[in-house]
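> Just model-v2.txt, nothing more (compact mmCIF, C-alpha atoms):
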```txt
# COMPACT_ATOMS: atom_id res chain seq x y z
CA MET A 1 18.17 -57.24 -21.84
CA THR A 2 15.66 -54.83 -23.29
CA GLY A 3 14.06 -55.98 -26.52
CA ARG A 4 14.22 -59.67 -25.59
CA THR A 5 11.21 -61.85 -24.94
CA LEU A 6 11.56 -63.12 -21.41
CA ALA A 7 10.11 -66.57 -21.86
CA THR A 8 11.20 -67.86 -18.47
CA CYS A 9 12.16 -66.08 -15.30
CA ARG A 10 12.66 -67.62 -11.89
CA ARG A 11 14.69 -66.90 -8.80
CA THR A 12 17.75 -69.06 -8.34
CA GLY A 13 19.32 -67.73 -5.16
CA PRO A 14 21.90 -65.04 -5.90
CA VAL A 15 21.02 -64.75 -9.57
CA ALA A 16 17.91 -64.71 -11.73
CA ARG A 17 17.61 -67.09 -14.68
CA ILE A 18 16.20 -65.27 -17.66
CA GLY A 19 15.78 -66.71 -21.10
CA GLY A 20 18.39 -69.37 -20.35
CA GLY A 21 21.03 -66.96 -19.01
CA LEU A 22 22.10 -66.05 -15.50
CA VAL A 23 21.70 -62.42 -14.49
CA PRO A 24 23.39 -61.20 -11.29
CA PRO A 25 20.90 -59.36 -9.03
CA ALA A 26 23.06 -56.24 -9.09
CA ILE A 27 22.00 -55.69 -12.69
CA VAL A 28 18.37 -56.67 -12.26
CA ALA A 29 17.40 -53.10 -13.16
CA ALA A 30 18.53 -53.83 -16.71
CA VAL A 31 15.91 -56.57 -17.15
CA GLU A 32 12.47 -55.92 -18.57
CA PRO A 33 9.50 -57.59 -16.82
CA SER A 34 7.28 -57.59 -19.92
CA GLY A 35 6.29 -60.99 -21.25
CA LEU A 36 6.19 -62.74 -17.88
CA ASN A 37 3.06 -64.87 -17.62
CA GLN A 38 2.21 -63.70 -14.11
CA THR A 39 -0.09 -61.27 -12.34
CA ALA A 40 1.27 -57.79 -11.80
CA GLU A 41 1.46 -58.43 -8.05
CA VAL A 42 3.43 -61.66 -8.40
CA ARG A 43 5.74 -60.17 -11.01
CA THR A 44 6.46 -57.10 -8.87
CA ALA A 45 7.01 -59.26 -5.79
CA ARG A 46 9.60 -61.25 -7.70
CA LEU A 47 11.34 -58.04 -8.70
CA LEU A 48 11.36 -56.92 -5.06
CA HIS A 49 13.01 -60.24 -4.19
CA TRP A 50 15.64 -59.69 -6.88
CA GLN A 51 16.37 -56.20 -5.61
CA ALA A 52 16.66 -57.67 -2.11
CA ASP A 53 19.34 -60.04 -3.42
CA ALA A 54 21.09 -57.12 -5.09
CA CYS A 55 21.09 -55.10 -1.88
CA ARG A 56 22.60 -58.00 0.05
CA GLU A 57 25.21 -58.50 -2.65
CA LEU A 58 26.11 -54.82 -2.52
CA GLY A 59 26.42 -54.74 1.26
CA SER A 60 22.99 -53.83 2.66
CA PRO A 61 21.54 -56.79 4.56
CA LEU A 62 18.97 -54.43 6.10
CA TYR A 63 17.44 -53.53 2.75
CA GLY A 64 17.68 -57.17 1.71
CA ASP A 65 15.53 -58.14 4.68
CA LEU A 66 13.05 -55.28 4.31
CA LEU A 67 12.45 -55.89 0.62
CA THR A 68 11.95 -59.61 1.22
CA HIS A 69 9.25 -58.80 3.75
CA ALA A 70 7.75 -56.16 1.45
CA ALA A 71 7.48 -58.68 -1.39
CA ASP A 72 5.55 -61.08 0.85
CA ASP A 73 3.38 -58.23 2.14
CA LEU A 74 2.57 -57.23 -1.44
CA ILE A 75 1.30 -60.72 -2.23
CA ALA A 76 -0.72 -60.76 1.01
CA GLY A 77 -2.41 -57.48 0.08
CA GLY A 78 -0.83 -55.53 2.94
CA PRO A 79 0.21 -51.87 3.10
CA THR A 80 2.92 -52.47 0.50
CA ALA A 81 0.23 -53.35 -2.04
CA GLU A 82 -1.66 -50.13 -1.34
CA VAL A 83 1.42 -47.93 -1.59
CA LEU A 84 2.48 -49.54 -4.89
CA ARG A 85 -1.03 -49.36 -6.36
CA GLY A 86 -0.84 -47.99 -9.90
CA HIS A 87 2.87 -48.77 -10.22
CA LEU A 88 2.82 -52.55 -10.56
CA ASN A 89 3.39 -52.33 -14.30
CA ASP A 90 6.26 -49.86 -14.09
CA ARG A 91 9.25 -50.76 -16.26
CA LEU A 92 11.93 -52.54 -14.31
CA PRO A 93 14.65 -49.94 -15.10
CA SER A 94 12.61 -47.54 -12.93
CA VAL A 95 13.85 -49.59 -9.91
CA LEU A 96 10.54 -49.26 -8.14
CA ALA A 97 11.89 -50.93 -5.01
CA LEU A 98 14.50 -48.22 -4.52
CA ARG A 99 11.96 -45.48 -5.15
CA LEU A 100 9.78 -47.00 -2.43
CA LEU A 101 12.58 -47.30 0.11
CA GLY A 102 13.94 -43.86 -0.80
CA GLY A 103 10.63 -42.29 0.14
CA VAL A 104 10.59 -44.17 3.42
CA HIS A 105 14.19 -43.21 4.19
CA ALA A 106 13.38 -39.55 3.56
CA LEU A 107 10.67 -39.70 6.24
CA ALA A 108 13.11 -41.27 8.70
CA LEU A 109 15.81 -38.69 7.93
CA ALA A 110 13.31 -35.85 8.38
CA GLY A 111 12.23 -37.14 11.79
CA GLN A 112 8.79 -38.18 10.54
CA ALA A 113 9.23 -41.93 11.09
CA PRO A 114 10.94 -42.16 14.49
CA GLU A 115 9.84 -45.74 15.12
CA LEU A 116 11.70 -46.84 11.99
CA ALA A 117 14.65 -44.47 12.46
CA VAL A 118 15.84 -46.42 15.51
CA PHE A 119 16.83 -49.22 13.09
CA TYR A 120 18.53 -46.92 10.57
CA PRO A 121 22.19 -46.09 11.29
CA SER A 122 21.85 -43.10 8.93
CA CYS A 123 19.44 -41.61 11.47
CA GLY A 124 21.51 -42.48 14.52
CA GLY A 125 19.86 -45.86 15.04
CA HIS A 126 21.23 -49.40 15.02
CA VAL A 127 20.54 -52.38 12.80
CA GLU A 128 18.83 -55.07 14.87
CA SER A 129 20.71 -58.28 15.50
CA GLU A 130 17.79 -60.66 15.04
CA PRO A 131 17.96 -62.46 11.66
CA GLY A 132 15.47 -61.17 9.12
CA SER A 133 15.06 -57.77 10.84
CA PRO A 134 11.51 -58.49 12.04
CA ARG A 135 11.20 -55.42 14.29
CA ALA A 136 12.52 -53.12 11.58
CA TRP A 137 10.02 -54.63 9.16
CA ALA A 138 7.16 -54.14 11.64
CA ALA A 139 8.13 -50.47 11.92
CA LEU A 140 8.40 -50.13 8.15
CA ARG A 141 5.03 -51.80 7.63
CA ARG A 142 3.37 -49.37 10.04
CA THR A 143 5.09 -46.47 8.26
CA LEU A 144 3.72 -47.69 4.93
CA ALA A 145 0.25 -47.98 6.43
CA ASP A 146 0.28 -44.59 8.17
CA GLN A 147 2.18 -42.46 5.64
CA GLY A 148 1.55 -44.23 2.37
CA GLU A 149 0.50 -41.14 0.46
CA SER A 150 3.72 -39.31 1.31
CA ILE A 151 5.73 -42.31 0.17
CA ARG A 152 3.70 -42.68 -3.03
CA GLY A 153 4.89 -39.23 -4.06
CA TRP A 154 8.40 -40.67 -4.43
CA LEU A 155 7.28 -43.37 -6.84
CA ASP A 156 6.84 -40.88 -9.68
CA HIS A 157 10.45 -39.66 -9.58
CA PRO A 158 13.62 -41.40 -10.77
CA PRO A 159 16.02 -42.49 -8.05
CA GLN A 160 18.86 -40.02 -7.73
CA THR A 161 21.76 -42.05 -6.43
CA ASN A 162 24.68 -39.74 -7.12
CA GLU A 163 27.11 -42.43 -5.98
CA VAL A 164 30.38 -40.71 -5.08
CA GLY A 165 32.29 -44.01 -4.95
CA ARG A 166 32.11 -44.22 -8.74
CA ALA A 167 34.48 -41.26 -8.89
CA ALA A 168 37.34 -43.70 -8.26
CA ALA A 169 36.79 -45.11 -11.76
CA LEU A 170 36.50 -41.62 -13.24
CA LEU A 171 39.74 -40.45 -11.63
CA GLY A 172 41.69 -43.47 -12.82
CA GLY A 173 40.28 -43.01 -16.30
CA LEU A 174 41.27 -39.33 -16.30
CA ARG A 175 44.84 -40.31 -15.40
CA HIS A 176 44.92 -42.70 -18.39
CA ILE A 177 43.59 -39.90 -20.61
CA ALA A 178 46.13 -37.37 -19.34
CA ALA A 179 48.90 -39.92 -19.89
CA VAL A 180 48.01 -40.01 -23.61
CA GLU A 181 48.34 -36.22 -23.89
CA GLY A 182 48.70 -33.83 -20.97
CA LEU A 183 46.03 -31.33 -21.97
CA PRO A 184 43.47 -29.55 -19.76
CA ILE A 185 40.21 -31.48 -19.37
CA ARG A 186 36.67 -30.32 -20.08
CA LEU A 187 34.48 -32.80 -18.19
CA VAL A 188 30.96 -33.54 -19.49
CA GLU A 189 28.59 -35.91 -17.69
CA VAL A 190 25.24 -37.27 -18.87
CA GLY A 191 22.82 -38.62 -16.29
CA ALA A 192 24.72 -36.42 -13.85
CA SER A 193 22.12 -36.38 -11.04
CA ALA A 194 23.50 -33.64 -8.75
CA GLY A 195 26.82 -33.34 -10.56
CA LEU A 196 28.84 -34.40 -7.52
CA ASN A 197 31.26 -36.51 -9.56
CA LEU A 198 31.96 -33.55 -11.81
CA ARG A 199 34.11 -32.44 -8.83
CA ALA A 200 35.95 -35.78 -8.63
CA ASP A 201 39.38 -34.21 -9.02
CA HIS A 202 38.86 -32.68 -5.56
CA PHE A 203 38.41 -36.12 -3.92
CA TYR A 204 41.14 -38.20 -2.30
CA VAL A 205 41.98 -41.81 -3.18
CA PRO A 206 44.45 -43.44 -0.75
CA GLY A 207 45.60 -47.03 -0.85
CA PRO A 208 48.36 -49.51 -1.62
CA ALA A 209 47.59 -49.51 -5.36
CA GLY A 210 48.34 -45.83 -5.77
CA SER A 211 46.79 -42.64 -4.50
CA TYR A 212 45.35 -39.40 -5.86
CA GLY A 213 44.46 -36.04 -4.46
CA ASP A 214 44.61 -34.02 -1.26
CA PRO A 215 44.48 -36.03 1.98
CA ASP A 216 42.50 -33.17 3.53
CA SER A 217 39.64 -33.60 1.05
CA PRO A 218 36.19 -34.10 2.64
CA VAL A 219 35.73 -37.08 0.30
CA VAL A 220 38.02 -40.04 0.94
CA LEU A 221 37.68 -43.07 -1.37
CA SER A 222 39.59 -45.48 0.88
CA ASP A 223 41.35 -48.31 -0.94
CA GLY A 224 39.54 -47.19 -4.05
CA TRP A 225 42.15 -48.65 -6.38
CA GLN A 226 43.41 -52.22 -6.52
CA GLY A 227 45.84 -53.90 -8.88
CA ASP A 228 48.25 -51.87 -10.99
CA PRO A 229 47.60 -48.17 -10.34
CA PRO A 230 46.65 -45.83 -13.18
CA PRO A 231 49.62 -44.04 -14.76
CA GLU A 232 51.09 -41.04 -13.00
CA ALA A 233 49.66 -38.05 -14.82
CA SER A 234 48.47 -34.61 -13.79
CA ILE A 235 44.72 -33.98 -14.01
CA LYS A 236 43.63 -30.40 -14.65
CA VAL A 237 39.85 -29.96 -15.04
CA VAL A 238 39.03 -26.55 -16.50
CA GLU A 239 35.33 -26.99 -17.23
CA ARG A 240 32.56 -29.04 -15.60
CA THR A 241 29.14 -29.41 -17.17
CA GLY A 242 26.43 -32.01 -17.27
CA GLY A 243 22.80 -32.78 -17.81
CA ASP A 244 20.05 -34.80 -16.17
CA LEU A 245 16.33 -35.07 -16.80
CA ALA A 246 15.67 -34.21 -13.14
CA PRO A 247 18.84 -32.64 -11.73
CA VAL A 248 19.19 -32.21 -7.99
CA ASN A 249 20.73 -29.12 -6.42
CA PRO A 250 23.21 -30.35 -3.78
CA LEU A 251 23.41 -26.89 -2.26
CA THR A 252 19.81 -26.94 -0.99
CA ALA A 253 18.34 -28.76 2.00
CA ASP A 254 15.71 -30.44 -0.18
CA GLY A 255 18.33 -31.60 -2.67
CA ARG A 256 20.55 -33.01 0.04
CA LEU A 257 17.63 -34.84 1.63
CA ARG A 258 16.68 -36.41 -1.70
CA LEU A 259 20.23 -37.56 -2.42
CA THR A 260 20.74 -38.90 1.10
CA ALA A 261 17.42 -40.75 1.04
CA TYR A 262 18.60 -42.89 -1.87
CA VAL A 263 21.71 -44.06 -0.02
CA TRP A 264 20.99 -47.25 1.88
CA PRO A 265 20.73 -46.45 5.61
CA ASP A 266 23.07 -49.19 6.87
CA GLN A 267 25.93 -48.08 4.58
CA ILE A 268 27.61 -45.42 6.67
CA GLU A 269 30.73 -45.08 4.51
CA ARG A 270 28.61 -44.23 1.47
CA LEU A 271 26.74 -41.64 3.52
CA SER A 272 30.02 -40.13 4.74
CA ARG A 273 31.31 -39.82 1.17
CA LEU A 274 28.06 -38.20 0.06
CA ARG A 275 28.12 -35.65 2.85
CA GLY A 276 31.75 -34.89 2.07
CA ALA A 277 30.80 -34.32 -1.56
CA PHE A 278 28.22 -31.77 -0.43
CA ALA A 279 31.06 -29.81 1.17
CA VAL A 280 33.12 -29.99 -2.02
CA ALA A 281 30.15 -28.82 -4.09
CA GLU A 282 29.88 -25.69 -1.95
CA ARG A 283 33.29 -24.48 -3.10
CA VAL A 284 33.69 -26.05 -6.56
CA PRO A 285 31.07 -24.87 -9.06
CA ALA A 286 29.71 -27.03 -11.87
CA GLU A 287 27.11 -26.30 -14.52
CA LEU A 288 24.14 -28.68 -14.43
CA ARG A 289 21.17 -28.42 -16.80
CA ALA A 290 17.78 -30.11 -16.90
CA GLU A 291 18.05 -31.90 -20.23
CA SER A 292 18.35 -35.26 -21.94
CA ALA A 293 21.66 -36.86 -22.81
CA SER A 294 21.10 -36.13 -26.49
CA VAL A 295 20.70 -32.41 -25.75
CA THR A 296 23.85 -32.41 -23.61
CA LEU A 297 25.78 -34.02 -26.46
CA ALA A 298 24.31 -31.66 -29.05
CA ARG A 299 25.57 -28.62 -27.14
CA THR A 300 29.02 -30.11 -26.57
CA GLN A 301 31.77 -28.96 -28.92
CA LEU A 302 35.43 -29.95 -28.92
CA VAL A 303 37.89 -27.15 -28.14
CA PRO A 304 41.48 -26.96 -29.46
CA GLY A 305 44.15 -27.49 -26.83
CA THR A 306 41.92 -29.57 -24.54
CA TRP A 307 40.46 -32.97 -23.92
CA THR A 308 36.67 -33.12 -23.93
CA VAL A 309 35.81 -36.11 -21.73
CA LEU A 310 32.30 -37.52 -21.84
CA TRP A 311 31.55 -39.60 -18.76
CA HIS A 312 28.60 -41.57 -17.35
CA SER A 313 28.13 -44.24 -14.70
CA ILE A 314 25.31 -46.76 -14.08
CA PHE A 315 23.19 -44.68 -16.41
CA ARG A 316 22.68 -46.63 -19.61
CA GLN A 317 20.25 -49.11 -18.04
CA TYR A 318 17.66 -46.33 -17.68
CA LEU A 319 17.66 -45.50 -21.40
CA SER A 320 15.26 -46.79 -24.00
CA GLU A 321 16.64 -48.35 -27.17
CA MET A 322 16.01 -45.08 -29.01
CA GLN A 323 17.85 -43.10 -26.33
CA ARG A 324 20.79 -45.50 -26.48
CA THR A 325 20.95 -44.99 -30.22
CA GLU A 326 20.89 -41.21 -29.73
CA LEU A 327 23.71 -41.50 -27.22
CA ALA A 328 25.80 -43.58 -29.63
CA ASP A 329 25.11 -41.14 -32.46
CA GLY A 330 26.15 -38.19 -30.31
CA VAL A 331 29.39 -39.91 -29.34
CA ALA A 332 30.08 -40.72 -33.00
CA ALA A 333 29.55 -37.10 -34.04
CA LEU A 334 31.98 -35.82 -31.43
CA ALA A 335 34.51 -38.50 -32.31
CA ALA A 336 34.35 -37.52 -35.97
CA SER A 337 35.33 -33.95 -35.12
CA ALA A 338 38.35 -34.89 -32.98
CA ASN A 339 41.91 -34.14 -34.04
CA SER A 340 45.35 -34.03 -32.46
CA SER A 341 44.60 -30.66 -30.86
CA ALA A 342 40.90 -30.97 -30.01
CA ARG A 343 40.82 -34.43 -28.44
CA PHE A 344 37.82 -36.46 -27.31
CA ALA A 345 37.51 -39.29 -24.76
CA TYR A 346 34.49 -41.41 -23.91
CA LEU A 347 34.74 -42.94 -20.44
CA TYR A 348 32.07 -44.93 -18.64
CA LEU A 349 31.34 -47.34 -15.81
CA GLU A 350 28.35 -49.47 -16.75
CA GLN A 351 27.00 -52.84 -15.67
CA SER A 352 27.82 -55.95 -17.66
CA ARG A 353 25.63 -59.00 -18.11
CA ALA A 354 28.72 -61.04 -17.26
CA GLY A 355 28.88 -59.37 -13.84
CA GLY A 356 30.66 -56.33 -12.51
CA CYS A 357 31.02 -52.96 -14.17
CA PRO A 358 33.87 -52.54 -16.67
CA VAL A 359 35.64 -49.19 -16.77
CA THR A 360 35.73 -48.53 -20.51
CA LEU A 361 37.68 -45.80 -22.28
CA THR A 362 37.86 -44.83 -25.94
CA THR A 363 40.03 -41.93 -27.13
CA TRP A 364 40.11 -39.97 -30.38
CA PRO A 365 41.66 -39.33 -32.77
CA GLY A 366 42.17 -42.99 -33.49
CA GLY A 367 39.24 -44.58 -31.68
CA HIS A 368 41.49 -46.54 -29.31
CA LEU A 369 39.19 -48.59 -27.00
CA ARG A 370 40.42 -50.11 -23.73
CA VAL A 371 38.81 -51.80 -20.74
CA LEU A 372 40.84 -50.32 -17.91
CA GLY A 373 39.40 -52.35 -15.06
CA THR A 374 36.19 -53.31 -13.31
CA ALA A 375 34.24 -52.27 -10.23
CA PRO A 376 31.04 -53.11 -8.36
CA ALA A 377 27.94 -51.03 -9.02
CA HIS A 378 28.68 -48.58 -6.20
CA GLY A 379 32.18 -48.03 -7.56
CA LEU A 380 34.56 -49.25 -4.85
CA PRO A 381 37.01 -50.76 -5.22
CA VAL A 382 38.18 -50.44 -8.83
CA ARG A 383 40.39 -53.35 -9.86
CA TRP A 384 42.66 -52.06 -12.59
CA ARG A 385 43.82 -54.42 -15.32
CA THR A 386 47.52 -55.08 -15.73
CA ASP A 387 47.25 -54.93 -19.52
CA ALA A 388 45.30 -51.66 -19.74
```
Turn this file's structure into structure tokens for me.

Amino acid sequence: MTGRTLATCRRTGPVARIGGGLVPPAIVAAVEPSGLNQTAEVRTARLLHWQADACRELGSPLYGDLLTHAADDLIAGGPTAEVLRGHLNDRLPSVLALRLLGGVHALALAGQAPELAVFYPSCGGHVESEPGSPRAWAALRRTLADQGESIRGWLDHPPQTNEVGRAAALLGGLRHIAAVEGLPIRLVEVGASAGLNLRADHFYVPGPAGSYGDPDSPVVLSDGWQGDPPPEASIKVVERTGGDLAPVNPLTADGRLRLTAYVWPDQIERLSRLRGAFAVAERVPAELRAESASVTLARTQLVPGTWTVLWHSIFRQYLSEMQRTELADGVAALAASANSSARFAYLYLEQSRAGGCPVTLTTWPGGHLRVLGTAPAHGLPVRWRTDA
């Protein structure tokens, strides 16, 4: 949606209507707020409402309730307004709402917001049964009022949701790649966050639509595949490298807290997968550098006798138009150097304006593009296409 003039924008229940088109709330982060004829407070409140819809759609009614209350509190000039002061004109791809709630969650996880933690399953609490979560909101509002400066520190950093569920799409894509030619795989990820999915081949996918991996893996992607399973093919990853502008070290307490804080507190299965991925990261090394995607691509070279697989997931929405062009140029340069020995694959899971997240694969030589399936933004389940 970037680059368009947003002449009209209003909430319409589960979707937003923008410029005459319907945009599912799960991809609201891809929409630019510029051009809306509203005050910064009203515009930001509407974006909080959209993110609330997205959270409900993606299985977090708690965050849906809390963001709805926060939007109203912002308009009323409450603690939410003070915490967000100076950030009301942030670009929408910064997902300000998730930065805000990530900072709050970190306090709860660290034992510094006990009144709120009782409503967060991630902290051993329980989601309240009363519709709208009024007691949880009251606790959150007091946390915003009392610890606003600590929370504001999180607003200057990008959200680091290293969503392990997206590895189900990566693993299926790697099986398709290995079925083309059974070569060892050099895995390269841009926007890699903590690099947890660079270890995807050590995760386990069970289910009726095919399985992958060791059942004793700490990471279990239950029923991760639906439809026709990916082809039977052996995956051998021999190199793992990636880049991120602000990489997180999953082997440190601070890094683990930051990653956990961005998982929604009422989504216990996501938290379990994340914590399992921490255990995998302890024994499976991966190289992760603080750099832009263009720098990662510039240092990537194809190697004879291997596949070089470039992968990213729910990453492109954070790029400017110039950065997207740089990404495309980097992919084109690698593709041009591919041959029957030094092969190149470009695999990604990114949000579509039509809804869902297609799993898209292009392989070289030949430039053969396929949409292998689709998944929700958090990755599970992947529904594989029968004609892929």
> Skipping near chain neighbours, those fewer than 5 positions away, what residues fall within 6 Å of segment 197-206 of chain A using only C-alpha atoms, listed as a PyMOL selection string?
chain A and resi 167+211-215+217+219-224+240
> Counting only C-alpha atoms, what is within 10 Å of segment 270-279 of chain A, bar same-chain residues fewer than 5 positions away, as a ChimeraX atom specification?
/A:122,161-165,194-197,199-200,202-203,217-221,249-252,256,259-265,284,378
> In Å, how far is it from atom CA of Gly125 of chain A to atom CA of Ile268 of chain A?
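Computing it gives 11.4 Å between the two atoms.
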> Quick one: everything within 9 Å of Asn339 of chain A, counting all atoms listed in the file, minus sequence neighbours fewer than 3 positions away in the same chain. Send it as a list in words.
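Final neighbour list, sorted by chain and number: Pro304, Ala335, Ala336, Ala342, Arg343, Phe344, Trp364, Pro365 and Gly366 of chain A.
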> Using all atoms listed in the file, find the one residue out of A:Glu189, A:Glu232, A:Glu57, A:Glu350 that sits nearest to Arg175 of chain A.
A:Glu232
> So how far away is atom CA of Glu41 of chain A from atom CA of Ala81 of chain A, in Å?
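Going from atom CA of Ala81 of chain A over to atom CA of Glu41 of chain A covers 8.0 Å.
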> So which residues touch Met322 of chain A within 12 Å, counting all atoms listed in the file, skipping near sequence neighbours fewer than 3 positions away, as a PyMOL selection string?
chain A and resi 2-3+293-294+316+318-319+325-329
> Which residue, A:Pro381, A:Gly153, A:Gly59, A:Gly173, has the smallest gap to Ala233 of chain A when you use all atoms listed in the file?
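Using all atoms listed in the file, the shortest distance to Ala233 of chain A belongs to A:Gly173.
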